[in-house]
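Below is coords21.txt, holding compact mmCIF, C-alpha atoms.
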```txt
# COMPACT_ATOMS: atom_id res chain seq x y z
CA MET A 1 172.34 124.65 103.60
CA LYS A 2 174.79 126.29 106.00
CA SER A 3 173.81 129.64 107.49
CA TRP A 4 176.72 131.60 105.99
CA LEU A 5 176.00 130.10 102.55
CA LYS A 6 172.36 131.23 102.74
CA ILE A 7 173.50 134.74 103.63
CA SER A 8 175.99 134.69 100.78
CA LEU A 9 173.27 133.58 98.35
CA LEU A 10 170.89 136.34 99.47
CA LEU A 11 173.64 138.97 99.27
CA CYS A 12 174.66 137.78 95.80
CA THR A 13 171.05 137.88 94.59
CA PHE A 14 170.58 141.37 96.00
CA GLY A 15 173.87 142.60 94.54
CA PHE A 16 173.15 141.09 91.11
CA PHE A 17 169.74 142.73 90.71
CA ARG A 18 170.95 146.00 92.22
CA GLU A 19 173.68 146.26 89.58
CA PHE A 20 171.58 144.88 86.70
CA ARG A 21 170.57 148.27 85.29
CA PRO A 22 170.31 148.09 81.48
CA SER A 23 169.33 151.76 81.27
CA GLU A 24 172.63 153.00 82.68
CA PRO A 25 174.76 152.91 79.48
CA TYR A 26 172.15 155.01 77.69
CA VAL A 27 170.99 157.42 80.37
CA THR A 28 172.54 160.44 78.63
CA GLU A 29 170.95 159.50 75.29
CA TYR A 30 167.64 159.04 77.12
CA LEU A 31 167.74 162.41 78.85
CA ALA A 32 168.62 164.13 75.57
CA SER A 33 165.77 162.45 73.67
CA ASP A 34 162.92 160.46 75.23
CA TYR A 35 162.97 162.22 78.61
CA GLY A 36 162.46 165.83 77.66
CA ASN A 37 164.84 166.73 74.82
CA LEU A 38 167.29 168.36 77.21
CA THR A 39 170.48 169.77 75.76
CA THR A 40 173.78 168.11 76.52
CA ASP A 41 174.91 171.26 78.35
CA GLN A 42 171.85 171.13 80.61
CA ILE A 43 172.48 167.50 81.50
CA TYR A 44 176.17 167.70 82.41
CA GLN A 45 176.10 171.19 83.92
CA ASP A 46 172.71 171.33 85.66
CA VAL A 47 171.97 167.67 86.51
CA TYR A 48 175.00 165.40 86.88
CA PRO A 49 176.97 167.60 89.33
CA PHE A 50 174.09 167.28 91.80
CA GLY A 51 174.80 163.55 91.97
CA THR A 52 178.44 164.18 92.90
CA TYR A 53 177.51 166.67 95.61
CA SER A 54 174.75 164.41 96.94
CA VAL A 55 177.03 161.38 97.33
CA LEU A 56 179.63 163.51 99.10
CA ALA A 57 177.07 165.03 101.48
CA GLN A 58 175.57 161.68 102.45
CA LEU A 59 178.59 159.37 102.57
CA VAL A 60 179.82 160.12 106.12
CA ILE A 61 176.31 160.23 107.55
CA VAL A 62 175.34 156.96 105.90
CA PHE A 63 178.55 155.26 107.08
CA LEU A 64 177.88 156.11 110.74
CA ILE A 65 174.17 155.38 110.51
CA THR A 66 174.96 152.01 108.92
CA ASP A 67 176.89 150.93 112.02
CA LEU A 68 174.31 152.47 114.36
CA VAL A 69 171.27 150.72 112.84
CA ARG A 70 173.28 147.58 112.08
CA TYR A 71 173.41 147.35 108.30
CA LYS A 72 170.12 145.82 107.11
CA PRO A 73 167.95 148.99 107.31
CA VAL A 74 170.47 150.85 105.15
CA ILE A 75 170.49 148.02 102.59
CA VAL A 76 166.70 148.30 102.40
CA LEU A 77 167.03 152.09 102.14
CA SER A 78 169.42 151.61 99.23
CA ALA A 79 166.82 149.58 97.35
CA LEU A 80 164.10 152.16 98.09
CA ALA A 81 166.37 154.95 96.85
CA GLY A 82 166.97 153.01 93.62
CA ILE A 83 163.23 152.56 93.10
CA THR A 84 162.61 156.27 93.68
CA LEU A 85 165.46 157.25 91.37
CA PHE A 86 164.25 155.22 88.39
CA SER A 87 160.62 156.17 89.01
CA MET A 88 161.58 159.83 88.77
CA LEU A 89 163.62 159.22 85.63
CA ILE A 90 160.55 157.62 84.02
CA TRP A 91 157.70 159.82 85.21
CA THR A 92 159.13 163.33 85.58
CA GLU A 93 160.01 165.81 82.84
CA SER A 94 161.93 168.78 84.23
CA VAL A 95 165.50 169.68 85.14
CA GLY A 96 164.37 170.50 88.69
CA MET A 97 162.94 167.02 89.22
CA LEU A 98 166.10 165.48 87.75
CA GLN A 99 168.11 167.39 90.33
CA VAL A 100 165.90 165.95 93.07
CA ALA A 101 166.42 162.50 91.54
CA GLN A 102 170.17 163.02 91.90
CA VAL A 103 169.67 163.32 95.67
CA PHE A 104 168.25 159.79 95.65
CA PHE A 105 171.14 158.74 93.43
CA GLY A 106 173.41 160.01 96.21
CA THR A 107 171.57 157.87 98.76
CA PHE A 108 171.64 154.87 96.41
CA THR A 109 175.40 155.19 95.92
CA ALA A 110 176.39 156.13 99.48
CA ALA A 111 174.38 153.21 100.90
CA GLU A 112 176.64 150.73 99.08
CA VAL A 113 178.77 150.74 102.23
CA ALA A 114 176.07 148.73 104.05
CA TYR A 115 176.14 146.01 101.40
CA TYR A 116 179.91 145.67 101.54
CA THR A 117 180.12 145.64 105.37
CA TYR A 118 177.04 143.53 106.15
CA MET A 119 178.76 140.29 105.17
CA TYR A 120 181.71 140.92 107.50
CA ALA A 121 179.35 141.51 110.41
CA LYS A 122 177.20 138.47 109.71
CA VAL A 123 179.57 135.65 108.71
CA ASN A 124 182.61 134.19 110.48
CA LYS A 125 186.10 135.35 109.52
CA GLU A 126 186.84 131.92 108.05
CA GLN A 127 184.29 132.61 105.32
CA TYR A 128 185.31 136.25 104.59
CA GLN A 129 187.32 135.45 101.48
CA VAL A 130 184.74 133.07 100.02
CA VAL A 131 181.79 135.42 100.61
CA THR A 132 183.77 138.38 99.28
CA GLY A 133 184.47 136.42 96.10
CA HIS A 134 180.81 135.46 95.74
CA THR A 135 179.48 138.98 96.20
CA ARG A 136 182.08 140.58 93.92
CA ALA A 137 181.26 138.03 91.20
CA ALA A 138 177.54 138.77 91.59
CA ILE A 139 178.07 142.53 91.27
CA LEU A 140 180.27 142.20 88.21
CA SER A 141 177.85 139.71 86.64
CA GLY A 142 174.99 142.15 87.13
CA LYS A 143 176.92 145.00 85.53
CA PHE A 144 178.15 142.85 82.65
CA LEU A 145 174.76 141.34 81.82
CA GLY A 146 173.06 144.71 82.25
CA GLY A 147 175.30 146.24 79.61
CA LEU A 148 174.99 143.19 77.35
CA PHE A 149 171.18 143.09 77.58
CA ALA A 150 171.01 146.82 76.91
CA GLN A 151 173.11 146.47 73.76
CA VAL A 152 171.06 143.54 72.43
CA LEU A 153 167.73 145.26 73.16
CA VAL A 154 168.81 148.54 71.57
CA SER A 155 170.51 146.98 68.54
CA THR A 156 167.46 144.82 67.76
CA ASP A 157 165.01 147.71 68.40
CA SER A 158 163.29 145.55 71.01
CA MET A 159 163.23 148.41 73.52
CA ASP A 160 163.76 152.15 73.45
CA TYR A 161 165.69 154.09 76.08
CA ARG A 162 162.61 154.74 78.22
CA GLN A 163 161.67 151.06 78.27
CA LEU A 164 165.16 150.20 79.47
CA HIS A 165 164.42 152.34 82.53
CA TYR A 166 161.31 150.25 83.24
CA LEU A 167 163.56 147.20 83.24
CA SER A 168 165.97 148.88 85.67
CA LEU A 169 163.05 149.81 87.91
CA ALA A 170 161.89 146.19 87.94
CA THR A 171 165.32 144.94 89.03
CA GLN A 172 165.35 147.46 91.89
CA LEU A 173 161.96 146.20 93.04
CA ILE A 174 163.35 142.65 93.04
CA SER A 175 166.39 143.78 95.04
CA LEU A 176 164.06 145.37 97.62
CA ALA A 177 162.17 142.10 98.02
CA VAL A 178 165.44 140.19 98.48
CA SER A 179 166.76 142.72 101.02
CA LEU A 180 163.77 142.13 103.28
CA PHE A 181 164.80 138.48 103.66
CA LEU A 182 168.32 139.29 104.85
CA PRO A 183 168.80 138.29 108.53
CA SER A 184 169.21 141.13 111.01
CA VAL A 185 172.65 141.73 112.49
CA PRO A 186 172.83 141.80 116.33
CA ARG A 187 176.32 143.32 116.51
CA SER A 188 178.16 146.09 114.72
CA LEU A 189 181.79 147.12 114.59
CA TYR A 190 181.58 150.30 116.65
CA PHE A 191 178.30 151.10 118.42
CA TYR A 192 177.38 147.50 119.33
CA ALA A 193 180.86 145.99 119.64
CA HIS A 194 180.45 144.70 123.21
CA SER A 195 177.90 142.51 124.95
CA GLU A 196 176.21 142.49 128.34
CA LYS A 197 174.53 139.73 130.32
CA ILE A 198 170.81 140.16 130.92
CA ASN A 199 168.69 138.12 133.33
CA THR A 200 165.45 136.91 131.80
CA ALA A 201 162.73 134.48 132.78
CA GLY A 202 164.52 131.82 130.80
CA GLY A 203 167.86 132.50 132.44
CA GLU A 204 170.88 134.68 131.74
CA VAL A 205 171.42 135.69 128.10
CA THR A 206 174.08 137.73 126.35
CA ALA A 207 172.92 140.72 124.29
CA PRO A 208 174.77 143.42 122.34
CA LYS A 209 175.30 146.64 124.31
CA PHE A 210 175.11 150.10 122.77
CA SER A 211 178.07 152.32 123.70
CA PHE A 212 178.70 155.73 122.13
CA ALA A 213 181.88 156.29 124.14
CA ASN A 214 183.33 152.94 123.08
CA ALA A 215 182.47 153.69 119.44
CA CYS A 216 184.33 157.01 119.61
CA ARG A 217 187.38 155.40 121.23
CA LEU A 218 187.50 152.61 118.67
CA LEU A 219 187.00 155.01 115.74
CA TRP A 220 189.84 157.20 116.99
CA TYR A 221 192.13 154.22 117.58
CA HIS A 222 191.54 152.86 114.05
CA LEU A 223 192.00 156.32 112.56
CA VAL A 224 195.26 157.14 114.34
CA SER A 225 196.83 153.67 114.13
CA SER A 226 196.12 153.44 110.39
CA TYR A 227 197.12 156.89 109.14
CA SER A 228 200.18 157.10 111.40
CA ASN A 229 201.54 154.25 109.28
CA PRO A 230 203.48 155.92 106.40
CA VAL A 231 202.68 153.04 104.03
CA VAL A 232 198.94 153.37 104.63
CA LEU A 233 199.08 157.16 104.30
CA GLN A 234 201.08 157.13 101.03
CA TRP A 235 199.05 154.44 99.30
CA SER A 236 195.75 155.83 100.59
CA MET A 237 196.59 159.22 99.06
CA TRP A 238 197.38 157.54 95.74
CA TRP A 239 194.20 155.45 95.94
CA ALA A 240 192.04 158.53 96.64
CA LEU A 241 193.63 160.59 93.84
CA ALA A 242 193.24 157.76 91.31
CA THR A 243 189.66 157.07 92.40
CA CYS A 244 188.80 160.75 91.99
CA GLY A 245 189.94 160.70 88.37
CA GLN A 246 188.28 157.38 87.56
CA VAL A 247 184.88 158.34 88.97
CA GLN A 248 184.96 161.57 86.97
CA VAL A 249 185.93 159.73 83.77
CA VAL A 250 183.16 157.13 84.17
CA SER A 251 180.54 159.74 85.17
CA TYR A 252 180.93 161.87 82.04
CA ILE A 253 182.16 159.38 79.41
CA GLN A 254 178.77 159.20 77.67
CA PHE A 255 179.03 162.90 76.82
CA LEU A 256 182.35 162.31 75.06
CA TRP A 257 180.90 159.35 73.14
CA LYS A 258 177.91 161.46 72.11
CA GLU A 259 180.24 164.23 70.95
CA VAL A 260 182.46 161.89 68.90
CA ALA A 261 179.74 159.62 67.49
CA PRO A 262 178.28 160.16 64.01
CA ASP A 263 175.07 162.25 64.17
CA LYS A 264 175.73 162.64 67.92
CA LEU A 265 174.17 159.21 68.60
CA SER A 266 176.31 156.67 70.52
CA VAL A 267 174.45 153.40 70.05
CA TYR A 268 177.01 150.83 71.23
CA ASN A 269 177.40 152.03 74.81
CA GLY A 270 175.88 148.89 76.32
CA GLY A 271 178.30 146.51 74.64
CA VAL A 272 181.26 148.72 75.50
CA GLU A 273 180.25 148.89 79.17
CA ALA A 274 179.83 145.10 79.24
CA VAL A 275 183.30 144.49 77.78
CA ALA A 276 184.82 147.14 80.06
CA THR A 277 183.28 145.44 83.10
CA LEU A 278 184.54 142.03 82.02
CA LEU A 279 188.11 143.20 81.36
CA GLY A 280 188.07 145.28 84.54
CA ALA A 281 187.13 142.16 86.50
CA ILE A 282 189.96 140.21 84.86
CA GLY A 283 192.38 143.03 85.73
CA ALA A 284 191.25 142.99 89.36
CA ILE A 285 191.61 139.19 89.55
CA LEU A 286 195.14 139.32 88.12
CA ALA A 287 196.09 142.04 90.59
CA GLY A 288 194.75 139.89 93.42
CA LEU A 289 197.26 137.19 92.52
CA LEU A 290 200.20 139.51 93.19
CA ASN A 291 201.89 139.88 96.55
CA SER A 292 201.91 143.67 96.34
CA ASN A 293 203.00 144.34 99.90
CA LYS A 294 206.43 142.67 99.57
CA ARG A 295 207.59 144.81 96.63
CA ARG A 296 205.78 148.06 97.29
CA GLY A 297 208.41 150.27 95.68
CA SER A 298 208.40 148.36 92.39
CA TYR A 299 204.63 148.20 92.26
CA MET A 300 204.29 151.93 92.97
CA MET A 301 206.57 152.60 90.01
CA GLY A 302 204.58 150.17 87.87
CA ILE A 303 201.12 151.53 88.67
CA SER A 304 202.38 155.10 88.26
CA ILE A 305 203.56 154.31 84.74
CA CYS A 306 200.15 152.73 84.09
CA ALA A 307 198.41 155.86 85.40
CA ALA A 308 200.38 158.03 82.98
CA ALA A 309 199.46 155.64 80.16
CA LEU A 310 195.77 155.95 81.15
CA GLY A 311 196.11 159.70 80.82
CA ALA A 312 197.49 159.30 77.30
CA LEU A 313 194.52 157.06 76.38
CA LEU A 314 192.05 159.67 77.60
CA ILE A 315 193.74 162.50 75.70
CA TYR A 316 193.77 160.38 72.54
CA ALA A 317 190.06 159.60 73.00
CA ALA A 318 189.33 163.31 73.43
CA LYS A 319 191.12 164.20 70.19
CA THR A 320 189.86 161.39 67.94
CA GLN A 321 187.12 161.68 65.32
CA GLU A 322 186.36 157.94 65.43
CA ILE A 323 183.84 156.65 67.95
CA TRP A 324 185.48 153.20 67.95
CA VAL A 325 188.75 154.71 69.10
CA ALA A 326 186.95 156.38 72.01
CA TYR A 327 185.20 153.09 72.84
CA VAL A 328 188.39 150.99 72.74
CA ASN A 329 190.35 153.52 74.79
CA TYR A 330 187.64 153.48 77.46
CA VAL A 331 187.70 149.67 77.62
CA LEU A 332 191.49 149.71 77.97
CA PHE A 333 191.20 152.42 80.61
CA CYS A 334 188.83 150.29 82.72
CA ALA A 335 190.93 147.13 82.36
CA VAL A 336 194.16 148.83 83.43
CA PHE A 337 192.57 151.01 86.10
CA PHE A 338 190.93 148.14 87.98
CA PHE A 339 194.25 146.32 87.93
CA ILE A 340 196.22 149.19 89.45
CA ILE A 341 193.53 150.26 91.94
CA THR A 342 193.30 146.67 93.22
CA VAL A 343 197.07 146.63 93.73
CA ALA A 344 196.88 149.92 95.68
CA GLY A 345 193.90 148.71 97.72
CA ALA A 346 195.66 145.46 98.60
CA VAL A 347 198.73 147.30 99.92
CA VAL A 348 196.53 149.53 102.09
CA ALA A 349 194.48 146.58 103.40
CA GLU A 350 197.52 144.49 104.29
CA ASN A 351 198.93 147.27 106.48
CA LEU A 352 195.77 148.13 108.42
CA VAL A 353 194.95 147.13 111.97
CA GLU A 354 192.23 144.50 112.33
CA ASP A 355 188.62 145.58 111.65
CA SER A 356 189.56 149.06 110.38
CA PHE A 357 189.15 148.19 106.69
CA GLY A 358 185.66 149.71 106.28
CA LEU A 359 186.53 152.94 108.09
CA ILE A 360 189.78 153.62 106.24
CA PHE A 361 188.42 152.88 102.79
CA GLY A 362 185.35 154.92 103.65
CA ILE A 363 187.59 157.88 104.51
CA ASN A 364 189.70 157.32 101.40
CA THR A 365 186.54 157.28 99.30
CA LEU A 366 185.40 160.49 101.00
CA VAL A 367 188.72 162.17 100.15
CA GLY A 368 188.37 160.99 96.55
CA LEU A 369 184.83 162.44 96.37
CA ILE A 370 185.98 165.77 97.83
CA LEU A 371 188.66 165.96 95.13
CA GLN A 372 186.12 164.94 92.50
CA THR A 373 183.78 167.70 93.67
CA ILE A 374 186.57 170.25 93.25
CA LEU A 375 187.31 168.85 89.80
CA THR A 376 183.60 169.00 88.86
CA VAL A 377 183.26 172.63 89.95
CA ALA A 378 186.45 173.63 88.12
CA VAL A 379 185.87 171.74 84.87
CA VAL A 380 182.11 171.19 84.44
CA GLU A 381 180.20 173.89 86.33
CA ARG A 382 179.48 177.37 84.97
CA VAL A 383 181.22 178.90 87.99
CA GLY A 384 184.36 177.17 86.72
CA PHE A 385 185.55 176.77 83.15
CA ALA A 386 182.42 174.93 81.88
CA LEU A 387 184.51 173.02 79.34
CA GLU A 388 183.10 171.08 76.40
CA PRO A 389 183.29 167.24 76.64
CA ARG A 390 186.44 166.94 74.51
CA ASP A 391 188.25 169.60 76.54
CA GLN A 392 187.10 167.95 79.77
CA TYR A 393 188.77 164.70 78.81
CA VAL A 394 191.98 166.47 77.88
CA VAL A 395 191.94 167.77 81.48
CA TYR A 396 191.16 164.32 82.92
CA GLY A 397 193.90 162.76 80.80
CA SER A 398 196.36 165.42 81.93
CA TYR A 399 195.30 164.72 85.53
CA PHE A 400 196.35 161.07 85.21
CA VAL A 401 199.57 161.99 83.41
CA VAL A 402 200.49 164.38 86.26
CA LEU A 403 199.48 161.82 88.90
CA GLY A 404 201.63 159.18 87.22
CA GLY A 405 204.55 161.55 86.61
CA MET A 406 204.65 162.86 90.17
CA SER A 407 204.43 159.32 91.56
CA ILE A 408 207.27 158.15 89.29
CA ILE A 409 209.46 161.06 90.39
CA GLY A 410 208.58 160.35 94.03
CA SER A 411 209.45 156.66 93.64
CA ILE A 412 212.81 157.51 92.06
CA CYS A 413 213.61 160.00 94.84
CA VAL A 414 212.73 157.44 97.52
CA LYS A 415 214.98 154.82 95.90
CA LEU A 416 217.88 157.28 95.61
CA PHE A 417 217.40 158.35 99.22
CA CYS A 418 217.38 154.72 100.41
CA ARG A 419 220.56 153.96 98.44
CA THR A 420 222.30 157.03 99.86
CA ASN A 421 221.38 156.05 103.40
CA LYS A 422 222.52 152.49 102.79
CA SER A 423 225.89 153.69 101.42
CA SER A 424 226.33 156.04 104.38
CA ALA A 425 225.58 153.23 106.81
CA GLU A 426 228.09 150.93 105.08
CA ASN A 427 230.76 153.65 105.22
CA VAL A 428 230.16 154.13 108.93
CA VAL A 429 230.46 150.39 109.51
CA SER A 430 233.69 150.19 107.50
CA LEU A 431 235.24 153.09 109.45
CA THR A 432 234.44 151.48 112.78
```

Could you express the structure from this file as structure tokens?
Amino acid sequence: MKSWLKISLLLCTFGFFREFRPSEPYVTEYLASDYGNLTTDQIYQDVYPFGTYSVLAQLVIVFLITDLVRYKPVIVLSALAGITLFSMLIWTESVGMLQVAQVFFGTFTAAEVAYYTYMYAKVNKEQYQVVTGHTRAAILSGKFLGGLFAQVLVSTDSMDYRQLHYLSLATQLISLAVSLFLPSVPRSLYFYAHSEKINTAGGEVTAPKFSFANACRLLWYHLVSSYSNPVVLQWSMWWALATCGQVQVVSYIQFLWKEVAPDKLSVYNGGVEAVATLLGAIGAILAGLLNSNKRRGSYMMGISICAAALGALLIYAAKTQEIWVAYVNYVLFCAVFFFIITVAGAVVAENLVEDSFGLIFGINTLVGLILQTILTVAVVERVGFALEPRDQYVVYGSYFVVLGGMSIIGSICVKLFCRTNKSSAENVVSLT
């Protein structure tokens, strides 16, 4: 088997088991019942916000450390954080310990960057597209089967919510074992970008050379050359704003389902998450078939209309009394969102300088998390408005409606401005 194919297989195996977490669709139900009979208010006001803050606090640090230690140690750390997280969810019983667990959730989430960048450091550019396809398929398969297994196990009373967490813990242990077999990476994009020749007993060899100054220069070059491009700046802003809203919607959706469901018990979460993952993957694949960069203006108008429609779906879900309406609207939200965010990401990627992809999307993600933190404080926390789940989703829906509306107005203004300039230029030519 070829070296890059072995690496792809190991990465896919790691990614599949990392994302195969059957407990995830029912974590809110678990915390409100089997864990310690916490109230819904305690969970979404005292526990979940800590996860948002933890990811934000660790993201930049983890990104730089990932390049410094050359990827593999951070992938292993990610698996260890997952093991710690699920162990604490199983064997602790207080809000304080849940808050500590959210710190490990932050590490687990922030360390994803190592998984996504490892493959680009380890395989040749000719295999980038193939390996990217493999790893994305593995991740989506893990999420889909995790949700499907959860639904089957819950519907057949084969496992309760606590036992689902044991299953998630087991998959994290498997991912740790797989991560240890990943080959080490000699080079990195910034800190070990260059090589030096070293004389040894066996002759002269080439080895990666650590350079802090070179890393700073390259980081600054990628930063300035990317964000000085108006296309990158505009679409990055849209990507960050949309990501902020989506992460908030996904993070708190179980509270809305619990509020809408009969007897406050949402029992079909696993199946809904599985279908949402599947349709989201289809949406992303369809978006990948488009040549978004050639018709940026038209696609910006299109995805802005879609964003406004997503807002309407969320508001409808917040107002309904039928749990199936809330479920269907969430599935539609995921399908459409992953389509439009893939279009936006493709436009950004196609206009970046070489090798700056990880840095720019890391910064865009950071901006999205900063905005999400502000939204969390304003909407969820007691220092803000501390809204009930239904009211929260009216706010999130309105957020997408405003995002879509402002983008539509901006697109129309840009088109009118371009037409005016074109007419002026034609008039000048005709006069001369």

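For the choices A:Ile363, A:Leu80, A:Val260, A:Leu375, the atom-to-atom distance to Tyr327 of chain A is smallest for A:Val260 when using all atoms listed in the file.
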
Looking at all atoms listed in the file, which of A:Ile409, A:Ser168, A:Ser188, A:Val231 is the one that sits closest to Ala215 of chain A?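 Of A:Ile409, A:Ser168, A:Ser188, A:Val231, the one nearest Ala215 of chain A is A:Ser188, counting all atoms listed in the file.
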
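Counting from atom CA of Ala101 of chain A, the distance to atom CA of Ala326 of chain A is 29.0 Å.
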
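The residue that comes closest to Gly368 of chain A, out of A:Ser158, A:Thr135, A:Ser226, A:Thr243 and on the basis of all atoms listed in the file, is A:Thr243.
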
Looking at all atoms listed in the file, which of A:Trp91, A:Tyr26, A:Phe105, A:Phe14 is the one that sits closest to Tyr48 of chain A? A:Phe105

Rounded to one decimal, what separation in Å do you get between atom CA of Ala207 of chain A and atom CA of Arg70 of chain A? 14.0 Å

Let me make sure I understand: among A:Val347, A:Met97, A:Ile305, A:Ala193, which one has the smallest atom-to-atom distance to Lys209 of chain A if we use all atoms listed in the file? A:Ala193

Can you tell me which residues surround Val55 of chain A at a distance of at most 7 Å, considering only C-alpha atoms, apart from same-chain residues fewer than 6 positions away, and format the answer as a ChimeraX atom specification? /A:106-107,109-110

If we count all atoms listed in the file and set the cut-off at 7 Å, which residues sit around Gly311 of chain A, ignoring sequence neighbours fewer than 5 positions away in its own chain? Please answer as a short mmCIF file (atom, residue, chain, number, x, y, z; two decimals) with C-alpha atoms, keeping the file's coordinate frame.
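Saved result, around.cif, follows:
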```
data_model
loop_
_atom_site.label_atom_id
_atom_site.label_comp_id
_atom_site.auth_asym_id
_atom_site.auth_seq_id
_atom_site.Cartn_x
_atom_site.Cartn_y
_atom_site.Cartn_z
CA GLY A 397 193.90 162.76 80.80
CA SER A 398 196.36 165.42 81.93
CA TYR A 399 195.30 164.72 85.53
CA PHE A 400 196.35 161.07 85.21
CA VAL A 401 199.57 161.99 83.41
#
```

What does the structure give for the distance between atom CA of Asn37 of chain A and atom CA of Val95 of chain A, in Å to one decimal? 10.8 Å

Can you tell me which residues surround Val379 of chain A at a distance of at most 12 Å, considering all atoms listed in the file, apart from same-chain residues fewer than 2 positions away, and format the answer as a PDB file with C-alpha atoms, keeping the file's coordinate frame?
```pdb
ATOM      1  CA  TYR A  44     176.170 167.700  82.410  1.00  0.00           C
ATOM      2  CA  GLN A  45     176.100 171.190  83.920  1.00  0.00           C
ATOM      3  CA  PRO A  49     176.970 167.600  89.330  1.00  0.00           C
ATOM      4  CA  GLN A 248     184.960 161.570  86.970  1.00  0.00           C
ATOM      5  CA  TYR A 252     180.930 161.870  82.040  1.00  0.00           C
ATOM      6  CA  GLN A 372     186.120 164.940  92.500  1.00  0.00           C
ATOM      7  CA  THR A 373     183.780 167.700  93.670  1.00  0.00           C
ATOM      8  CA  ILE A 374     186.570 170.250  93.250  1.00  0.00           C
ATOM      9  CA  LEU A 375     187.310 168.850  89.800  1.00  0.00           C
ATOM     10  CA  THR A 376     183.600 169.000  88.860  1.00  0.00           C
ATOM     11  CA  VAL A 377     183.260 172.630  89.950  1.00  0.00           C
ATOM     12  CA  GLU A 381     180.200 173.890  86.330  1.00  0.00           C
ATOM     13  CA  ARG A 382     179.480 177.370  84.970  1.00  0.00           C
ATOM     14  CA  VAL A 383     181.220 178.900  87.990  1.00  0.00           C
ATOM     15  CA  GLY A 384     184.360 177.170  86.720  1.00  0.00           C
ATOM     16  CA  PHE A 385     185.550 176.770  83.150  1.00  0.00           C
ATOM     17  CA  ALA A 386     182.420 174.930  81.880  1.00  0.00           C
ATOM     18  CA  LEU A 387     184.510 173.020  79.340  1.00  0.00           C
ATOM     19  CA  GLU A 388     183.100 171.080  76.400  1.00  0.00           C
ATOM     20  CA  PRO A 389     183.290 167.240  76.640  1.00  0.00           C
ATOM     21  CA  ARG A 390     186.440 166.940  74.510  1.00  0.00           C
ATOM     22  CA  ASP A 391     188.250 169.600  76.540  1.00  0.00           C
ATOM     23  CA  GLN A 392     187.100 167.950  79.770  1.00  0.00           C
ATOM     24  CA  TYR A 393     188.770 164.700  78.810  1.00  0.00           C
ATOM     25  CA  VAL A 394     191.980 166.470  77.880  1.00  0.00           C
ATOM     26  CA  VAL A 395     191.940 167.770  81.480  1.00  0.00           C
ATOM     27  CA  TYR A 396     191.160 164.320  82.920  1.00  0.00           C
ATOM     28  CA  TYR A 399     195.300 164.720  85.530  1.00  0.00           C
TER      29      TYR A 399
END
```

Nearest to Tyr118 of chain A, chosen from A:Thr342, A:Thr171, A:Ser8, A:Ser228, with only C-alpha atoms counted in the distances: A:Ser8

Neighbour list for Leu371 of chain A as a ChimeraX atom specification, cut-off 9 Å, all atoms listed in the file, skip fewer than 6 positions in-chain: /A:240-241,244-245

Please complete segment 165-176 of chain A so it has N, CA and C atoms, and hand it over as a PDB file, in the frame of the given file.
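Once written, rebuild.pdb looks like this:
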```
ATOM      1  N   HIS A 165     164.559 151.849  81.158  1.00  0.00           N
ATOM      2  CA  HIS A 165     164.420 152.340  82.530  1.00  0.00           C
ATOM      3  C   HIS A 165     163.337 151.564  83.292  1.00  0.00           C
ATOM      4  N   TYR A 166     162.298 151.118  82.593  1.00  0.00           N
ATOM      5  CA  TYR A 166     161.310 150.250  83.240  1.00  0.00           C
ATOM      6  C   TYR A 166     161.963 148.948  83.696  1.00  0.00           C
ATOM      7  N   LEU A 167     162.857 148.426  82.886  1.00  0.00           N
ATOM      8  CA  LEU A 167     163.560 147.200  83.240  1.00  0.00           C
ATOM      9  C   LEU A 167     164.448 147.413  84.464  1.00  0.00           C
ATOM     10  N   SER A 168     165.141 148.556  84.506  1.00  0.00           N
ATOM     11  CA  SER A 168     165.970 148.880  85.670  1.00  0.00           C
ATOM     12  C   SER A 168     165.129 149.046  86.920  1.00  0.00           C
ATOM     13  N   LEU A 169     163.954 149.669  86.774  1.00  0.00           N
ATOM     14  CA  LEU A 169     163.050 149.810  87.910  1.00  0.00           C
ATOM     15  C   LEU A 169     162.607 148.454  88.436  1.00  0.00           C
ATOM     16  N   ALA A 170     162.321 147.532  87.526  1.00  0.00           N
ATOM     17  CA  ALA A 170     161.890 146.190  87.940  1.00  0.00           C
ATOM     18  C   ALA A 170     162.978 145.479  88.731  1.00  0.00           C
ATOM     19  N   THR A 171     164.240 145.616  88.308  1.00  0.00           N
ATOM     20  CA  THR A 171     165.320 144.940  89.030  1.00  0.00           C
ATOM     21  C   THR A 171     165.514 145.542  90.423  1.00  0.00           C
ATOM     22  N   GLN A 172     165.249 146.842  90.559  1.00  0.00           N
ATOM     23  CA  GLN A 172     165.350 147.460  91.890  1.00  0.00           C
ATOM     24  C   GLN A 172     164.240 146.982  92.810  1.00  0.00           C
ATOM     25  N   LEU A 173     163.063 146.749  92.242  1.00  0.00           N
ATOM     26  CA  LEU A 173     161.960 146.200  93.040  1.00  0.00           C
ATOM     27  C   LEU A 173     162.297 144.784  93.514  1.00  0.00           C
ATOM     28  N   ILE A 174     162.929 143.998  92.651  1.00  0.00           N
ATOM     29  CA  ILE A 174     163.350 142.650  93.040  1.00  0.00           C
ATOM     30  C   ILE A 174     164.402 142.723  94.145  1.00  0.00           C
ATOM     31  N   SER A 175     165.348 143.643  94.014  1.00  0.00           N
ATOM     32  CA  SER A 175     166.390 143.780  95.040  1.00  0.00           C
ATOM     33  C   SER A 175     165.788 144.178  96.385  1.00  0.00           C
ATOM     34  N   LEU A 176     164.740 144.998  96.364  1.00  0.00           N
ATOM     35  CA  LEU A 176     164.060 145.370  97.620  1.00  0.00           C
ATOM     36  C   LEU A 176     163.449 144.131  98.269  1.00  0.00           C
TER      37      LEU A 176
END
```
